[in-house]
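Peer 1: Can you read through this structure? Questions will come right after.
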Protein chains: 2
Amino acid sequence: MAKKKQTLKEVAYEFIKNKIVNCEYQPNAFINEEMIASQLNVSRTPIREALMRLEQEQLVSILPKRGIVVCSLTPDLIASIFETRLLLEPYIIENYGMYIDRCKLEDFKRLYGGDYRKDKVEFEIDDEFHSLIYHASKNPYLIKTLENTTFQNQRIRVYSGIKVFRVPDTYDEHIQIINALLDEDYKLAAKRMREHILKSRKNSLEIVFSS
Amino acid sequence: MAKKKQTLKEVAYEFIKNKIVNCEYQPNAFINEEMIASQLNVSRTPIREALMRLEQEQLVSILPKRGIVVCSLTPDLIASIFETRLLLEPYIIENYGMYIDRCKLEDFKRLYGGDYRKDKVEFEIDDEFHSLIYHASKNPYLIKTLENTTFQNQRIRVYSGIKVFRVPDTYDEHIQIINALLDEDYKLAAKRMREHILKSRKNSLEIVFSS
DNA sequence: ATATACACTGTTGTATACATCATTGTATAT
DNA sequence: ATATACAATGATGTATACAACAGTGTATAT
């Protein structure tokens, strides 16, 4: 795996983003620039640059002269995330499904259906599947928006504190979407994607609001 | 007009963004941090912070160690902008039209229909009308995405070099949308919004590609 | 006891100096 | 003439020092 050269800003961005989406930096927690800088053995400058990007992605709020706070996970925010996904992802799959790499679809299908341990937690695979699909749109606005919802989605999964997040069901649903795509039935694939997201929303809301 | 206190980062952001959307910094032009810093009598720091935000909004590209370049206006980009608007704006108007401030709609209607000089160029009013509508969604992801398309839309208008940008037609179309909203016929309002954006796209593509 | 004034503290905001790298031009070898 | 090596240049990348401000606590006056 070739690790290409990154700027410290990018390193800091990845570092902080991972802490946030994995709730190591919890919602509503305050972040101290200098603390992170010393952890990474860099100056505050790249940290600040990373935080500005994270503010754009709605993962932190910068309160001028007061501090940086991790965005809270409110019911409204969760509703917005799923509303966005429900609007964009089925649209993309219906209109750009023909451009999705068949080989990669087959890879996912093997991964899901084969000897892969279904009880293993692999959020990344779920995210990668959705990423493969929405990148087919080639539309930077749609892609960026969905990437941002992915980050928040991961926060929801972690914050809800569950270890197994309906993974078997998710995989079955993904397989059904892939099958529709391989059959070139993009309307059906879009419909299944919509149902898949609806189930995911239902699950998230139940878990988050049961606490 | 109360001008609330801004950080230099915000001042720089507004300054540079306006230059870009008005094509004072043309597509593909290189931007020099220090030059802008001396123009604003500030250091490079707030300039850099503003540029990072503009990179997120896809108005500039930061080429590490090489420079900052204003994003180009390609056919693909224009297509993406209108695709995004066509997907989001009718959806919002159909689902959130009931939450749009009636008084403000009446204000726009008076503005369009009254003694307002229709031959006057007022891009801002067009943008404000669309802004009023998409803010009704209360969805930060949809709002942010549409704000970004607004910036690019302004670039297209200016770059195409026209002074009168189908303004009378635009106003008539807006009035029709407002009328449907005031009648609480949100499906019709959404349909008219869709047609409005389609016409705008057609107009933009013709002008940009005629050069 | 309450309210006001004011110094204190900790953080972010900004300016500045230096480091680093991509590029360009020049010189040298073949 | 071409190619390679290498120094020069100019921009961004990063570190550091200082300024400015929001919030807090303390002291004082009433």
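Chains: A, B, ... in order of the structure tokens. Residues: from 1 per chain. Ligands: from 1, in order shown.
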Write down, as a PDB file with N, CA and C atoms (P, O5', C5', C4', C3', O3' and C1' of nucleotides), in the first residue's frame, each residue of chain C that has any atom within 12 Å of an atom of chain A, counting only C-alpha atoms (C1' of nucleotides).
Peer 2:
ATOM      1  P    DG C  10      -4.886  29.386  33.481  1.00  0.00           P
ATOM      2  O5'  DG C  10      -5.604  28.889  32.146  1.00  0.00           O
ATOM      3  C5'  DG C  10      -7.018  28.737  32.139  1.00  0.00           C
ATOM      4  C4'  DG C  10      -7.548  28.964  30.740  1.00  0.00           C
ATOM      5  C3'  DG C  10      -6.738  28.237  29.661  1.00  0.00           C
ATOM      6  O3'  DG C  10      -7.626  27.455  28.883  1.00  0.00           O
ATOM      7  C1'  DG C  10      -7.072  30.513  29.086  1.00  0.00           C
ATOM      8  P    DT C  11      -6.982  26.293  27.956  1.00  0.00           P
ATOM      9  O5'  DT C  11      -7.433  26.720  26.490  1.00  0.00           O
ATOM     10  C5'  DT C  11      -8.804  26.990  26.240  1.00  0.00           C
ATOM     11  C4'  DT C  11      -8.965  28.095  25.238  1.00  0.00           C
ATOM     12  C3'  DT C  11      -8.272  27.861  23.900  1.00  0.00           C
ATOM     13  O3'  DT C  11      -9.142  27.203  23.008  1.00  0.00           O
ATOM     14  C1'  DT C  11      -8.181  30.163  24.626  1.00  0.00           C
ATOM     15  P    DT C  12      -8.598  26.792  21.544  1.00  0.00           P
ATOM     16  O5'  DT C  12      -8.875  28.129  20.695  1.00  0.00           O
ATOM     17  C5'  DT C  12     -10.193  28.643  20.615  1.00  0.00           C
ATOM     18  C4'  DT C  12     -10.184  30.083  20.113  1.00  0.00           C
ATOM     19  C3'  DT C  12      -9.825  30.247  18.635  1.00  0.00           C
ATOM     20  O3'  DT C  12     -10.657  31.256  18.078  1.00  0.00           O
ATOM     21  C1'  DT C  12      -8.370  31.547  19.934  1.00  0.00           C
ATOM     22  P    DG C  13     -10.493  31.652  16.531  1.00  0.00           P
ATOM     23  O5'  DG C  13      -9.616  32.985  16.579  1.00  0.00           O
ATOM     24  C5'  DG C  13     -10.263  34.230  16.794  1.00  0.00           C
ATOM     25  C4'  DG C  13      -9.339  35.380  16.430  1.00  0.00           C
ATOM     26  C3'  DG C  13      -8.885  35.394  14.970  1.00  0.00           C
ATOM     27  O3'  DG C  13      -8.929  36.736  14.482  1.00  0.00           O
ATOM     28  C1'  DG C  13      -6.984  35.309  16.387  1.00  0.00           C
ATOM     29  P    DT C  14      -8.602  37.050  12.975  1.00  0.00           P
ATOM     30  O5'  DT C  14      -7.049  37.399  13.019  1.00  0.00           O
ATOM     31  C5'  DT C  14      -6.617  38.510  13.780  1.00  0.00           C
ATOM     32  C4'  DT C  14      -5.118  38.613  13.739  1.00  0.00           C
ATOM     33  C3'  DT C  14      -4.495  38.622  12.336  1.00  0.00           C
ATOM     34  O3'  DT C  14      -3.978  39.919  12.127  1.00  0.00           O
ATOM     35  C1'  DT C  14      -3.250  37.267  13.864  1.00  0.00           C
ATOM     36  P    DT C  20      13.231  21.945   6.565  1.00  0.00           P
ATOM     37  O5'  DT C  20      12.279  21.835   5.298  1.00  0.00           O
ATOM     38  C5'  DT C  20      10.869  21.710   5.498  1.00  0.00           C
ATOM     39  C4'  DT C  20      10.151  21.816   4.171  1.00  0.00           C
ATOM     40  C3'  DT C  20      10.791  20.999   3.054  1.00  0.00           C
ATOM     41  O3'  DT C  20       9.831  20.087   2.575  1.00  0.00           O
ATOM     42  C1'  DT C  20      10.254  23.190   2.320  1.00  0.00           C
ATOM     43  P    DC C  21      10.311  18.774   1.788  1.00  0.00           P
ATOM     44  O5'  DC C  21       9.791  19.098   0.308  1.00  0.00           O
ATOM     45  C5'  DC C  21       8.408  19.378   0.140  1.00  0.00           C
ATOM     46  C4'  DC C  21       8.215  20.291  -1.041  1.00  0.00           C
ATOM     47  C3'  DC C  21       8.699  19.718  -2.372  1.00  0.00           C
ATOM     48  O3'  DC C  21       7.581  19.580  -3.228  1.00  0.00           O
ATOM     49  C1'  DC C  21       9.284  22.009  -2.120  1.00  0.00           C
TER      50       DC C  21
END
Peer 1: I need the contact residues of chain D against chain A, so if you could list those with any atom within 9 Å, counting only C-alpha atoms (C1' of nucleotides), and return them as a list in words, that would help.
Peer 2: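 Listing them in order of chain and number gives DG13, DT14, DA15, DT16, DA20, DC21, DA22 and DG23 of chain D.
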Peer 1: Generate the output file for the selected residues, N, CA and C atoms (P, O5', C5', C4', C3', O3' and C1' of nucleotides), as a PDB file, in the first residue's frame.
Peer 2:
ATOM      1  P    DG D  13       0.235  25.140   0.738  1.00  0.00           P
ATOM      2  O5'  DG D  13       1.452  24.799   1.704  1.00  0.00           O
ATOM      3  C5'  DG D  13       2.149  23.576   1.530  1.00  0.00           C
ATOM      4  C4'  DG D  13       3.014  23.278   2.753  1.00  0.00           C
ATOM      5  C3'  DG D  13       2.237  23.097   4.054  1.00  0.00           C
ATOM      6  O3'  DG D  13       2.785  21.998   4.769  1.00  0.00           O
ATOM      7  C1'  DG D  13       3.813  24.861   4.297  1.00  0.00           C
ATOM      8  P    DT D  14       2.154  21.511   6.120  1.00  0.00           P
ATOM      9  O5'  DT D  14       2.967  22.342   7.212  1.00  0.00           O
ATOM     10  C5'  DT D  14       4.361  22.083   7.346  1.00  0.00           C
ATOM     11  C4'  DT D  14       4.955  22.996   8.392  1.00  0.00           C
ATOM     12  C3'  DT D  14       4.272  22.968   9.757  1.00  0.00           C
ATOM     13  O3'  DT D  14       5.165  22.368  10.663  1.00  0.00           O
ATOM     14  C1'  DT D  14       4.854  25.188   9.099  1.00  0.00           C
ATOM     15  P    DA D  15       4.778  22.191  12.216  1.00  0.00           P
ATOM     16  O5'  DA D  15       5.524  23.438  12.855  1.00  0.00           O
ATOM     17  C5'  DA D  15       6.911  23.608  12.627  1.00  0.00           C
ATOM     18  C4'  DA D  15       7.421  24.875  13.298  1.00  0.00           C
ATOM     19  C3'  DA D  15       7.065  25.021  14.779  1.00  0.00           C
ATOM     20  O3'  DA D  15       8.234  25.353  15.501  1.00  0.00           O
ATOM     21  C1'  DA D  15       6.381  26.957  13.567  1.00  0.00           C
ATOM     22  P    DT D  16       8.160  25.373  17.105  1.00  0.00           P
ATOM     23  O5'  DT D  16       7.968  26.919  17.420  1.00  0.00           O
ATOM     24  C5'  DT D  16       8.864  27.850  16.806  1.00  0.00           C
ATOM     25  C4'  DT D  16       8.385  29.265  16.995  1.00  0.00           C
ATOM     26  C3'  DT D  16       7.929  29.612  18.424  1.00  0.00           C
ATOM     27  O3'  DT D  16       8.732  30.672  18.894  1.00  0.00           O
ATOM     28  C1'  DT D  16       6.427  30.467  16.811  1.00  0.00           C
ATOM     29  P    DA D  20      -3.961  44.191  20.221  1.00  0.00           P
ATOM     30  O5'  DA D  20      -5.216  43.229  20.386  1.00  0.00           O
ATOM     31  C5'  DA D  20      -5.667  42.495  19.256  1.00  0.00           C
ATOM     32  C4'  DA D  20      -6.827  41.609  19.665  1.00  0.00           C
ATOM     33  C3'  DA D  20      -7.839  42.292  20.582  1.00  0.00           C
ATOM     34  O3'  DA D  20      -9.135  41.975  20.136  1.00  0.00           O
ATOM     35  C1'  DA D  20      -7.084  40.285  21.567  1.00  0.00           C
ATOM     36  P    DC D  21     -10.339  42.951  20.560  1.00  0.00           P
ATOM     37  O5'  DC D  21     -11.294  41.922  21.302  1.00  0.00           O
ATOM     38  C5'  DC D  21     -11.652  40.730  20.624  1.00  0.00           C
ATOM     39  C4'  DC D  21     -11.847  39.610  21.617  1.00  0.00           C
ATOM     40  C3'  DC D  21     -12.892  39.910  22.706  1.00  0.00           C
ATOM     41  O3'  DC D  21     -13.972  39.030  22.533  1.00  0.00           O
ATOM     42  C1'  DC D  21     -10.986  38.783  23.565  1.00  0.00           C
ATOM     43  P    DA D  22     -15.388  39.412  23.090  1.00  0.00           P
ATOM     44  O5'  DA D  22     -15.747  38.099  23.913  1.00  0.00           O
ATOM     45  C5'  DA D  22     -15.618  36.836  23.258  1.00  0.00           C
ATOM     46  C4'  DA D  22     -15.692  35.710  24.280  1.00  0.00           C
ATOM     47  C3'  DA D  22     -16.815  35.869  25.303  1.00  0.00           C
ATOM     48  O3'  DA D  22     -17.371  34.595  25.580  1.00  0.00           O
ATOM     49  C1'  DA D  22     -14.710  35.906  26.411  1.00  0.00           C
ATOM     50  P    DG D  23     -18.610  34.464  26.505  1.00  0.00           P
ATOM     51  O5'  DG D  23     -17.979  33.964  27.885  1.00  0.00           O
ATOM     52  C5'  DG D  23     -17.160  32.801  27.865  1.00  0.00           C
ATOM     53  C4'  DG D  23     -16.387  32.702  29.157  1.00  0.00           C
ATOM     54  C3'  DG D  23     -17.256  32.811  30.419  1.00  0.00           C
ATOM     55  O3'  DG D  23     -17.108  31.622  31.170  1.00  0.00           O
ATOM     56  C1'  DG D  23     -15.319  34.204  30.568  1.00  0.00           C
TER      57       DG D  23
END
Peer 1: Which residues of chain B come within 12 Å of chain A, and for each one, what is the closest pair of atoms and their distance in Å to one decimal, counting only C-alpha atoms, sorted by chain and residue number, as JSON lines?
Peer 2:
{"residue": "B:Lys5", "atom": "CA", "partner": "A:Pro64", "partner_atom": "CA", "distance": 10.6}
{"residue": "B:Gln6", "atom": "CA", "partner": "A:Pro64", "partner_atom": "CA", "distance": 9.4}
{"residue": "B:Thr7", "atom": "CA", "partner": "A:Pro64", "partner_atom": "CA", "distance": 8.1}
{"residue": "B:Leu8", "atom": "CA", "partner": "A:Pro64", "partner_atom": "CA", "distance": 11.3}
{"residue": "B:Lys9", "atom": "CA", "partner": "A:Met52", "partner_atom": "CA", "distance": 10.7}
{"residue": "B:Glu10", "atom": "CA", "partner": "A:Pro64", "partner_atom": "CA", "distance": 11.1}
{"residue": "B:Thr45", "atom": "CA", "partner": "A:Thr45", "partner_atom": "CA", "distance": 9.1}
{"residue": "B:Pro46", "atom": "CA", "partner": "A:Glu49", "partner_atom": "CA", "distance": 10.6}
{"residue": "B:Ile47", "atom": "CA", "partner": "A:Glu49", "partner_atom": "CA", "distance": 11.7}
{"residue": "B:Arg48", "atom": "CA", "partner": "A:Glu49", "partner_atom": "CA", "distance": 8.6}
{"residue": "B:Glu49", "atom": "CA", "partner": "A:Glu49", "partner_atom": "CA", "distance": 6.7}
{"residue": "B:Ala50", "atom": "CA", "partner": "A:Met52", "partner_atom": "CA", "distance": 9.2}
{"residue": "B:Leu51", "atom": "CA", "partner": "A:Glu49", "partner_atom": "CA", "distance": 10.3}
{"residue": "B:Met52", "atom": "CA", "partner": "A:Arg53", "partner_atom": "CA", "distance": 7.2}
{"residue": "B:Arg53", "atom": "CA", "partner": "A:Arg53", "partner_atom": "CA", "distance": 6.8}
{"residue": "B:Leu54", "atom": "CA", "partner": "A:Gln56", "partner_atom": "CA", "distance": 10.0}
{"residue": "B:Glu55", "atom": "CA", "partner": "A:Arg53", "partner_atom": "CA", "distance": 9.3}
{"residue": "B:Gln56", "atom": "CA", "partner": "A:Arg53", "partner_atom": "CA", "distance": 7.2}
{"residue": "B:Glu57", "atom": "CA", "partner": "A:Gln56", "partner_atom": "CA", "distance": 8.8}
{"residue": "B:Gln58", "atom": "CA", "partner": "A:Pro140", "partner_atom": "CA", "distance": 8.6}
{"residue": "B:Leu59", "atom": "CA", "partner": "A:Pro140", "partner_atom": "CA", "distance": 12.0}
{"residue": "B:Ile62", "atom": "CA", "partner": "A:Thr7", "partner_atom": "CA", "distance": 11.9}
{"residue": "B:Leu63", "atom": "CA", "partner": "A:Thr7", "partner_atom": "CA", "distance": 11.3}
{"residue": "B:Pro64", "atom": "CA", "partner": "A:Thr7", "partner_atom": "CA", "distance": 8.1}
{"residue": "B:Lys65", "atom": "CA", "partner": "A:Thr7", "partner_atom": "CA", "distance": 9.8}
{"residue": "B:Pro75", "atom": "CA", "partner": "A:Asn139", "partner_atom": "CA", "distance": 11.9}
{"residue": "B:Asp76", "atom": "CA", "partner": "A:Asn139", "partner_atom": "CA", "distance": 8.4}
{"residue": "B:Leu77", "atom": "CA", "partner": "A:Asn139", "partner_atom": "CA", "distance": 7.8}
{"residue": "B:Ile78", "atom": "CA", "partner": "A:Asn139", "partner_atom": "CA", "distance": 10.1}
{"residue": "B:Ala79", "atom": "CA", "partner": "A:Asn139", "partner_atom": "CA", "distance": 8.5}
{"residue": "B:Ser80", "atom": "CA", "partner": "A:Asn139", "partner_atom": "CA", "distance": 5.3}
{"residue": "B:Ile81", "atom": "CA", "partner": "A:Tyr141", "partner_atom": "CA", "distance": 7.5}
{"residue": "B:Phe82", "atom": "CA", "partner": "A:Asn139", "partner_atom": "CA", "distance": 10.3}
{"residue": "B:Glu83", "atom": "CA", "partner": "A:Asn139", "partner_atom": "CA", "distance": 8.3}
{"residue": "B:Thr84", "atom": "CA", "partner": "A:Leu142", "partner_atom": "CA", "distance": 7.0}
{"residue": "B:Arg85", "atom": "CA", "partner": "A:Tyr141", "partner_atom": "CA", "distance": 10.0}
{"residue": "B:Leu86", "atom": "CA", "partner": "A:Tyr91", "partner_atom": "CA", "distance": 11.5}
{"residue": "B:Leu87", "atom": "CA", "partner": "A:Leu88", "partner_atom": "CA", "distance": 8.0}
{"residue": "B:Leu88", "atom": "CA", "partner": "A:Leu87", "partner_atom": "CA", "distance": 8.0}
{"residue": "B:Glu89", "atom": "CA", "partner": "A:Leu87", "partner_atom": "CA", "distance": 11.3}
{"residue": "B:Pro90", "atom": "CA", "partner": "A:Leu87", "partner_atom": "CA", "distance": 11.4}
{"residue": "B:Tyr91", "atom": "CA", "partner": "A:Leu87", "partner_atom": "CA", "distance": 8.4}
{"residue": "B:Ile92", "atom": "CA", "partner": "A:Leu87", "partner_atom": "CA", "distance": 10.3}
{"residue": "B:Asn95", "atom": "CA", "partner": "A:Glu83", "partner_atom": "CA", "distance": 11.3}
{"residue": "B:Ser137", "atom": "CA", "partner": "A:Ser80", "partner_atom": "CA", "distance": 9.1}
{"residue": "B:Lys138", "atom": "CA", "partner": "A:Ser80", "partner_atom": "CA", "distance": 8.2}
{"residue": "B:Asn139", "atom": "CA", "partner": "A:Ser80", "partner_atom": "CA", "distance": 5.3}
{"residue": "B:Pro140", "atom": "CA", "partner": "A:Ser80", "partner_atom": "CA", "distance": 7.2}
{"residue": "B:Tyr141", "atom": "CA", "partner": "A:Thr145", "partner_atom": "CA", "distance": 6.6}
{"residue": "B:Leu142", "atom": "CA", "partner": "A:Thr84", "partner_atom": "CA", "distance": 7.0}
{"residue": "B:Ile143", "atom": "CA", "partner": "A:Thr145", "partner_atom": "CA", "distance": 10.5}
{"residue": "B:Lys144", "atom": "CA", "partner": "A:Thr145", "partner_atom": "CA", "distance": 8.8}
{"residue": "B:Thr145", "atom": "CA", "partner": "A:Tyr141", "partner_atom": "CA", "distance": 6.6}
{"residue": "B:Leu146", "atom": "CA", "partner": "A:Tyr141", "partner_atom": "CA", "distance": 8.9}
{"residue": "B:Glu147", "atom": "CA", "partner": "A:Tyr141", "partner_atom": "CA", "distance": 10.8}
{"residue": "B:Asn148", "atom": "CA", "partner": "A:Tyr141", "partner_atom": "CA", "distance": 8.3}
{"residue": "B:Thr149", "atom": "CA", "partner": "A:Tyr141", "partner_atom": "CA", "distance": 8.1}
{"residue": "B:Thr150", "atom": "CA", "partner": "A:Tyr141", "partner_atom": "CA", "distance": 11.9}
{"residue": "B:Gln152", "atom": "CA", "partner": "A:Tyr141", "partner_atom": "CA", "distance": 11.3}
Peer 1: For the selection you just gave me, I'd like the residues written to a file as a PDB file, in the first residue's frame, keeping C-alpha atoms.
Peer 2:
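Ended up saving to selection.pdb:
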ATOM      1  CA  LYS B   5     -17.974  42.271  14.121  1.00  0.00           C
ATOM      2  CA  GLN B   6     -16.219  39.931  11.770  1.00  0.00           C
ATOM      3  CA  THR B   7     -12.945  38.124  12.024  1.00  0.00           C
ATOM      4  CA  LEU B   8     -10.364  38.883   9.363  1.00  0.00           C
ATOM      5  CA  LYS B   9     -10.845  35.378   8.073  1.00  0.00           C
ATOM      6  CA  GLU B  10     -14.450  36.223   7.301  1.00  0.00           C
ATOM      7  CA  THR B  45      -2.920  33.724   7.851  1.00  0.00           C
ATOM      8  CA  PRO B  46      -6.539  34.861   7.435  1.00  0.00           C
ATOM      9  CA  ILE B  47      -6.107  34.731   3.665  1.00  0.00           C
ATOM     10  CA  ARG B  48      -5.083  31.103   3.840  1.00  0.00           C
ATOM     11  CA  GLU B  49      -8.000  30.287   6.093  1.00  0.00           C
ATOM     12  CA  ALA B  50     -10.407  31.891   3.665  1.00  0.00           C
ATOM     13  CA  LEU B  51      -8.858  30.002   0.754  1.00  0.00           C
ATOM     14  CA  MET B  52      -9.330  26.692   2.527  1.00  0.00           C
ATOM     15  CA  ARG B  53     -13.004  27.409   2.897  1.00  0.00           C
ATOM     16  CA  LEU B  54     -13.222  28.403  -0.748  1.00  0.00           C
ATOM     17  CA  GLU B  55     -11.541  25.143  -1.651  1.00  0.00           C
ATOM     18  CA  GLN B  56     -14.285  23.277   0.186  1.00  0.00           C
ATOM     19  CA  GLU B  57     -16.840  25.251  -1.767  1.00  0.00           C
ATOM     20  CA  GLN B  58     -15.089  24.256  -4.979  1.00  0.00           C
ATOM     21  CA  LEU B  59     -14.243  27.789  -6.001  1.00  0.00           C
ATOM     22  CA  ILE B  62      -5.069  24.377  -3.700  1.00  0.00           C
ATOM     23  CA  LEU B  63      -2.145  22.708  -5.436  1.00  0.00           C
ATOM     24  CA  PRO B  64       0.265  21.907  -2.607  1.00  0.00           C
ATOM     25  CA  LYS B  65       3.499  23.847  -2.845  1.00  0.00           C
ATOM     26  CA  PRO B  75     -19.370  22.099 -19.192  1.00  0.00           C
ATOM     27  CA  ASP B  76     -19.269  19.235 -16.726  1.00  0.00           C
ATOM     28  CA  LEU B  77     -19.306  21.596 -13.774  1.00  0.00           C
ATOM     29  CA  ILE B  78     -22.201  23.579 -15.168  1.00  0.00           C
ATOM     30  CA  ALA B  79     -24.075  20.357 -15.794  1.00  0.00           C
ATOM     31  CA  SER B  80     -23.456  19.288 -12.216  1.00  0.00           C
ATOM     32  CA  ILE B  81     -24.723  22.575 -10.855  1.00  0.00           C
ATOM     33  CA  PHE B  82     -28.003  22.395 -12.702  1.00  0.00           C
ATOM     34  CA  GLU B  83     -28.421  18.715 -12.049  1.00  0.00           C
ATOM     35  CA  THR B  84     -28.087  19.419  -8.349  1.00  0.00           C
ATOM     36  CA  ARG B  85     -30.529  22.283  -8.441  1.00  0.00           C
ATOM     37  CA  LEU B  86     -33.032  20.278 -10.476  1.00  0.00           C
ATOM     38  CA  LEU B  87     -32.942  17.508  -7.943  1.00  0.00           C
ATOM     39  CA  LEU B  88     -33.024  19.595  -4.766  1.00  0.00           C
ATOM     40  CA  GLU B  89     -35.055  22.728  -5.365  1.00  0.00           C
ATOM     41  CA  PRO B  90     -38.295  21.171  -6.663  1.00  0.00           C
ATOM     42  CA  TYR B  91     -38.084  18.601  -3.887  1.00  0.00           C
ATOM     43  CA  ILE B  92     -37.784  21.313  -1.265  1.00  0.00           C
ATOM     44  CA  ASN B  95     -42.153  19.254   0.670  1.00  0.00           C
ATOM     45  CA  SER B 137     -36.053  22.847   4.252  1.00  0.00           C
ATOM     46  CA  LYS B 138     -34.102  23.501   7.472  1.00  0.00           C
ATOM     47  CA  ASN B 139     -31.745  20.814   6.207  1.00  0.00           C
ATOM     48  CA  PRO B 140     -28.164  22.068   6.552  1.00  0.00           C
ATOM     49  CA  TYR B 141     -26.839  19.661   3.941  1.00  0.00           C
ATOM     50  CA  LEU B 142     -29.306  20.703   1.289  1.00  0.00           C
ATOM     51  CA  ILE B 143     -28.922  24.379   2.163  1.00  0.00           C
ATOM     52  CA  LYS B 144     -25.148  24.328   2.033  1.00  0.00           C
ATOM     53  CA  THR B 145     -25.113  22.459  -1.242  1.00  0.00           C
ATOM     54  CA  LEU B 146     -27.508  24.902  -2.864  1.00  0.00           C
ATOM     55  CA  GLU B 147     -25.580  27.875  -1.526  1.00  0.00           C
ATOM     56  CA  ASN B 148     -22.498  26.533  -3.247  1.00  0.00           C
ATOM     57  CA  THR B 149     -24.335  26.122  -6.518  1.00  0.00           C
ATOM     58  CA  THR B 150     -25.499  29.720  -6.168  1.00  0.00           C
ATOM     59  CA  GLN B 152     -21.089  29.006  -9.279  1.00  0.00           C
TER      60      GLN B 152
END
Peer 1: Would you list the contacts of stretch 124-127 of chain A as a compact mmCIF listing (two decimals) with N, CA and C atoms, in the first residue's frame, taking every protein, DNA or RNA residue within 10 Å and counting only C-alpha atoms (C1' of nucleotides), but skipping same-chain residues closer than 2 positions in sequence?
Peer 2:
# COMPACT_ATOMS: atom_id res chain seq x y z
N PHE A 108 -17.98 -6.95 -4.20
CA PHE A 108 -18.81 -6.78 -3.01
C PHE A 108 -19.73 -7.98 -2.81
N LEU A 111 -17.87 -10.75 -1.38
CA LEU A 111 -17.56 -10.41 0.01
C LEU A 111 -18.74 -10.68 0.94
N TYR A 112 -19.91 -10.30 0.48
CA TYR A 112 -21.11 -10.45 1.29
C TYR A 112 -21.57 -11.91 1.36
N VAL A 121 -18.02 -6.83 12.59
CA VAL A 121 -18.41 -5.45 12.37
C VAL A 121 -17.51 -4.84 11.30
N GLU A 122 -18.09 -4.42 10.25
CA GLU A 122 -17.30 -3.78 9.20
C GLU A 122 -18.07 -2.61 8.63
N PHE A 129 -19.36 0.66 -0.04
CA PHE A 129 -20.39 0.27 -1.02
C PHE A 129 -21.17 1.50 -1.47
N HIS A 130 -21.62 2.27 -0.50
CA HIS A 130 -22.38 3.48 -0.86
C HIS A 130 -21.50 4.46 -1.63
N SER A 131 -20.25 4.54 -1.23
CA SER A 131 -19.32 5.45 -1.92
C SER A 131 -19.16 5.06 -3.38
N LEU A 132 -19.00 3.76 -3.63
CA LEU A 132 -18.87 3.29 -5.01
C LEU A 132 -20.05 3.77 -5.84
N GLU A 147 -20.67 12.32 1.05
CA GLU A 147 -19.51 12.02 1.90
C GLU A 147 -19.73 12.58 3.30
N THR A 150 -21.97 10.57 5.27
CA THR A 150 -21.32 9.33 5.69
C THR A 150 -20.62 9.51 7.02
N PHE A 151 -19.94 10.65 7.18
CA PHE A 151 -19.23 10.90 8.44
C PHE A 151 -20.23 10.91 9.60
N ASN A 153 -23.10 9.63 9.69
CA ASN A 153 -23.70 8.31 9.84
C ASN A 153 -22.84 7.42 10.74
N GLN A 154 -21.54 7.52 10.52
CA GLN A 154 -20.63 6.73 11.36
C GLN A 154 -20.72 7.18 12.82
N VAL A 167 -25.79 -5.81 10.72
CA VAL A 167 -24.89 -6.10 9.61
C VAL A 167 -25.42 -7.16 8.66
N THR A 170 -28.07 -5.71 6.53
CA THR A 170 -27.49 -4.74 5.61
C THR A 170 -26.86 -5.44 4.42
N TYR A 171 -26.14 -6.52 4.69
CA TYR A 171 -25.47 -7.21 3.60
C TYR A 171 -26.48 -7.82 2.64
N HIS A 174 -27.76 -5.13 0.53
CA HIS A 174 -26.77 -4.73 -0.48
C HIS A 174 -26.74 -5.72 -1.64
Peer 1: Taking only stretch 77-156 of chain B into account, list the residues labelled helix (DSSP H, G or I) by DSSP (computed from the backbone), as a PyMOL selection string.
Peer 2: chain B and resi 77-99+102-113+123-135+140-156
